[in-house]
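Each remark here refers to the structure printed beneath this line.
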Amino acid sequence: MADDGECGEVEMSDEQKKEIAKWFLLNSPAGEIQYVAKDLRSVLSDEDVYNEAASEAFPLYNKSHMICLEMPGTTGDVLVTSFSELDKNEYLDPRTAHVAIIDHVKQVCTEVRPAADEELPSAYVEEFRCAMDAEILKYVSEAYPKGVCSVYCINGKDAEGPGCDFEFAVVISAARHSPQNFCNGSWRSIWNIEFKDDMQMLEVRGRLQVGAHYFEEGNVQLDAKHECKDSTIFQSPEDCAISIANIIRHHETEYLTSLQASYSNLPDTTFKDLRRKLPVTRTLFPWHNTMQFSLSRDISKELGIGK
Amino acid sequence: MRRRGADATDSSQALGDGSLRAARLLPHLSSDLLSQVDQPLQILDIWRVLGCGVKVFSPSSWTKVFSLRKQVLCDVDSGKEFILCEYNRDADSYRSPWSNKYHPPLEDGPYPSSELRKLEIEANEVFSIYRDQYYEGGISSVYMWEDENEGFVACFLIKKDGSKTGHGRRGYLQEGSWDAYTCYRGRIYLPVTQLVESKNDGGSVGPDEEGITHYCLTSTVMLSLTTNDQSSGTFSLSGSIRRQMNMDLSIADGHLCNMGKMIEEMESKLRNSLDQVYFGKTKEMVCTLRPPAEVLPMRLPDS
């Protein structure tokens with residue numbers, strides 16, 4: 001039992017240790033969970049607690065970061081996401097109609113099997129999904145040097161024909177792991193596309209998340225998020241795909257531009273609210289004239305606070 | 001020697017959420033961690049002490065928590081705020097640099113000598129003006145204490161809340177905080193009396209052949225900033241760096257002047273480094289993930 005209020009030794013239950021270990025794992029920046037796990041393991045020196053924390057944290061982390069794993073025996077990859085999850089260790093790749101069985105903690109795919117019919121969308125829905133997938137692949141290969149993507153039907157996958165609504169999740173993920181340069185980063189986009197048959201409209205919602213971590217003799221992280229909405233008309237599968245890809249391309253390009261603008265604003269505006277580069281006087285602080293400052297403090301305060 | 005707080009884990013609260021969790025993972029080490037180093041510990045220190053080579057923790061979450069913890073108290077006499085840290089703490093009380101009183105009151109807490117206290121008072125006054133000039137707000141505190149080698153150790157702290165609701169003048173920041181502490185950990189070998197006298201004389205005491213003093217300072221900055229608007233969403237940068245600087249300077253201008261100049265130079269270097277190198281690298285990473293291109297070809301519907 002934990003004995004929190006006392007001086008000296010602080011004993012913790014295994015449960016508490018596990019929760020803390022889990023917290024560290026879940027909060028690892030992109031591409032760094034294995035490093036964190038290694039250190040945690042040696043700090044804990046308790047395999048049972050570590051294994052329990054890892055088995056709970058890794059699946060959540062993997063899905064949140066949408067990790068991409070090679071499927072052995074095929075030329076394809078599978079994305080580990082909540083949209084593709086069939087079971088806690090089974091993830092669907094709709095492009096190749098395969099299901100990957102994975103080991104979350106080791107972050108590898110151990111087995112591959114063909115998807116069963118019930119696990120795949122209907123032919124009607126698949127037409128739209130497949131066209132969408134082709135267009136997104138094109139876009140991602142143009143815009144992201146190392147991007148991966150997938151399109152999942154997350155609602156209404158059994159729709160037989162017109163008159164039914166269905167919903168897709170388009171997932172784009174790009175990660176760059178450069179631990180030897182002390183730098184890691186990730187871009188994750190999730191686009192929800194609702195096909196509304198009665199209104200003959202497509203409602204598009206995007207959630208973009210960008211992260212970067214640089215830690216050479218220091219430790220700095222970027223965490224940026226954005227949400228956006230758009231819509232377009234319900235057309236043939238190919239035309240829908242082209243429309244949606246254009247929408248995604250437009251919003252993501254705009255978002256990148258606004259990120260760059262945020263960075264440009266830093267030195268002279270945002271950062272200035274924290275600390276100026278120089279005082280308003282545009283000279284260094286006159287340390288040797290401190291006596292003078294003590295006496296004329298009010299005046300100098302006014303000067304300092306002046307525009 | 002500073003005493004441990006009655007509630008050991010509460011003292012650890014000063015370390016921030018992540019550090020607390022790390023400290024609790026190794027209970028037999030936590031009391032060592034708290035008392036061994038004269039610095040507010042961060043998660044990076046914990047991991048270094050624990051022998052872990054990895055310094056890759058996500059600073060954004062712990063930085064947020066760090067800035068939420070109670071770090072400041074109001075002086076009972078003057079109503080001025082002062083910063084809480086390991087340097088002015090004894091048991092569960094903190095010494096104010098304004099009134100020199102412990103909050104809450106302590107019977108037998110450690111105090112600087114009356115001479116050192118004079119220097120401490122002046123340092124607080126001057127540093128406060130320096131803070132105003134560079135930070136246009138915020139809180140500063142300077143703590144000094146004698147060490148065993150007839151020298152003294154000094155710590156200069158600054159805390160700035162740059163958010164719109166805080167002291168951010170331009171209203172850019174949804175949230176923003178800058179926490180800096182500079183610690184002179186080296187030994188300043190001159191007896192305090194000598195240097196205080198030279199200060200009072202306005203620095204006119206000529207240096208004897210030992211008139212050179214060695215200063216070693218370590219500065220740490222922890223910062224976080226967040227902007228938030230409709231068109232670009234949430235943009236958040238956070239992190240910390242620490243650097244050391246060593247200098248041998250004549251005491252002709254006095255300790256305060258020497259230390260002050262070093263701090264100013266150091267803080268400016270850290271600010272620029274954070275801005276250009278560190279933030280710059282994250283921007284580079286974003287542009288590597290998705291390079292800004294000229295207009296990508298737009299495809300029109302075939303029909």
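Within each chain, counting starts at residue 1; across the structure tokens, chains are named A, B, ... in the order shown, with ligands numbered 1 upward in that order.
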(message) Among stretch 23-59 of chain A, which residues does DSSP mark as alpha helix (DSSP H) when it is run on the backbone? Keep the chain and numbering as in the structure and answer as JSON, numbers by chain.
(response) {"A": [23, 24, 25, 26, 33, 34, 35, 36, 37, 38, 39, 40, 41, 42, 43, 44, 47, 48, 49, 50, 51, 52, 53, 54, 55, 56, 57, 58, 59]}
Could the residues in this selection be saved with C-alpha atoms as a PDB file, in the first residue's frame?
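Okay, out_21.pdb is ready:
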```
ATOM      1  CA  TRP A  23       1.617   7.603 -18.886  1.00  0.00           C
ATOM      2  CA  PHE A  24       5.223   7.893 -20.010  1.00  0.00           C
ATOM      3  CA  LEU A  25       4.688   5.491 -22.876  1.00  0.00           C
ATOM      4  CA  LEU A  26       1.542   7.184 -24.101  1.00  0.00           C
ATOM      5  CA  ILE A  33       8.177   4.943 -27.773  1.00  0.00           C
ATOM      6  CA  GLN A  34      10.741   2.161 -28.059  1.00  0.00           C
ATOM      7  CA  TYR A  35      13.437   4.362 -26.503  1.00  0.00           C
ATOM      8  CA  VAL A  36      11.144   5.346 -23.702  1.00  0.00           C
ATOM      9  CA  ALA A  37      10.100   1.727 -23.219  1.00  0.00           C
ATOM     10  CA  LYS A  38      13.713   0.609 -22.940  1.00  0.00           C
ATOM     11  CA  ASP A  39      14.493   3.145 -20.253  1.00  0.00           C
ATOM     12  CA  LEU A  40      11.286   2.489 -18.393  1.00  0.00           C
ATOM     13  CA  ARG A  41      12.052  -1.185 -18.335  1.00  0.00           C
ATOM     14  CA  SER A  42      15.382  -0.643 -16.627  1.00  0.00           C
ATOM     15  CA  VAL A  43      13.971   1.944 -14.227  1.00  0.00           C
ATOM     16  CA  LEU A  44      11.110  -0.287 -13.176  1.00  0.00           C
ATOM     17  CA  GLU A  47       9.045  -7.246 -15.751  1.00  0.00           C
ATOM     18  CA  ASP A  48       5.444  -7.860 -14.732  1.00  0.00           C
ATOM     19  CA  VAL A  49       4.629  -4.232 -14.126  1.00  0.00           C
ATOM     20  CA  TYR A  50       6.420  -3.178 -17.290  1.00  0.00           C
ATOM     21  CA  ASN A  51       4.657  -5.789 -19.416  1.00  0.00           C
ATOM     22  CA  GLU A  52       1.272  -4.788 -18.094  1.00  0.00           C
ATOM     23  CA  ALA A  53       1.932  -1.103 -18.745  1.00  0.00           C
ATOM     24  CA  ALA A  54       3.283  -1.843 -22.201  1.00  0.00           C
ATOM     25  CA  SER A  55       0.413  -4.109 -23.198  1.00  0.00           C
ATOM     26  CA  GLU A  56      -2.047  -1.359 -22.294  1.00  0.00           C
ATOM     27  CA  ALA A  57      -0.136   1.615 -23.651  1.00  0.00           C
ATOM     28  CA  PHE A  58       1.242   0.349 -26.945  1.00  0.00           C
ATOM     29  CA  PRO A  59      -2.085  -0.324 -28.685  1.00  0.00           C
TER      30      PRO A  59
END
```
(request) Would you list, as a PyMOL selection string, the residues of stretch 45-84 of chain A that end up in strand (DSSP E or B) under DSSP run on this structure's backbone? (result) chain A and resi 68-70+77-79
(message) Which residues are close to A:Gln221, i.e. within 6 Å by only C-alpha atoms, leaving aside same-chain residues fewer than 2 positions away? Reply as a count of residues only.
(response) 4
(message) So the first atom is atom CA of B:Ile251 and the second is atom CA of A:His288; what is the distance between them in Å, to one decimal place?
(response)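 According to the coordinates, atom CA of B:Ile251 and atom CA of A:His288 are separated by 11.9 Å.
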(message) What's around A:Leu222 at 12 Å? Count only C-alpha atoms, leave out sequence neighbours fewer than 2 positions away in its own chain, and write the answer as a ChimeraX atom specification.
(response) /A:29-30,183-187,209-215,219-220,224-225,259,262-263 /B:58-61,224-227,234-239,278-286
Store the residues picked out above, limited to C-alpha atoms, as a short mmCIF file (atom, residue, chain, number, x, y, z; two decimals), in the first residue's frame.
```
data_model
loop_
_atom_site.label_atom_id
_atom_site.label_comp_id
_atom_site.auth_asym_id
_atom_site.auth_seq_id
_atom_site.Cartn_x
_atom_site.Cartn_y
_atom_site.Cartn_z
CA PRO A 29 6.73 11.75 -29.11
CA ALA A 30 6.38 10.19 -32.57
CA CYS A 183 14.83 15.01 -34.59
CA ASN A 184 11.50 13.27 -35.17
CA GLY A 185 8.23 14.42 -36.62
CA SER A 186 4.83 13.34 -37.85
CA TRP A 187 1.93 14.60 -39.90
CA GLN A 209 -2.20 17.13 -36.47
CA VAL A 210 1.46 17.95 -36.87
CA GLY A 211 4.22 17.23 -34.39
CA ALA A 212 7.98 17.70 -34.35
CA HIS A 213 10.54 17.05 -31.67
CA TYR A 214 14.12 18.28 -31.60
CA PHE A 215 16.29 17.29 -28.69
CA ASN A 219 14.27 19.56 -25.74
CA VAL A 220 11.69 21.35 -27.86
CA ALA A 224 -0.13 21.81 -33.86
CA LYS A 225 -3.75 20.91 -34.62
CA LEU A 259 2.02 26.89 -40.10
CA SER A 262 3.02 31.08 -37.44
CA TYR A 263 6.73 30.39 -37.48
CA SER B 58 7.77 15.35 -24.77
CA PRO B 59 8.14 18.67 -23.04
CA SER B 60 4.74 20.03 -23.89
CA SER B 61 2.75 18.05 -21.37
CA SER B 224 5.81 27.22 -23.76
CA LEU B 225 3.70 29.22 -26.14
CA THR B 226 0.37 28.55 -27.79
CA THR B 227 -1.53 30.51 -30.36
CA THR B 234 -3.77 25.50 -32.32
CA PHE B 235 -0.04 26.05 -32.66
CA SER B 236 2.00 25.13 -29.66
CA LEU B 237 5.75 25.18 -29.07
CA SER B 238 7.35 24.23 -25.79
CA GLY B 239 10.63 23.09 -24.44
CA TYR B 278 15.31 24.80 -31.84
CA PHE B 279 12.08 26.20 -33.18
CA GLY B 280 13.77 26.41 -36.55
CA LYS B 281 14.48 22.69 -36.53
CA THR B 282 10.87 21.84 -35.84
CA LYS B 283 9.85 24.05 -38.74
CA GLU B 284 12.39 22.29 -40.93
CA MET B 285 10.87 18.98 -39.92
CA VAL B 286 7.39 20.12 -40.92
#
```
(request) Would you list the contacts of B:Glu264 as a ChimeraX atom specification, taking every protein, DNA or RNA residue within 9 Å and counting only C-alpha atoms, but skipping same-chain residues closer than 4 positions in sequence? (result) /A:284-285 /B:130,259-260,268-269
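If you look at atom CA of A:Val280 and atom CA of B:Arg131, they are 12.3 Å away from each other.
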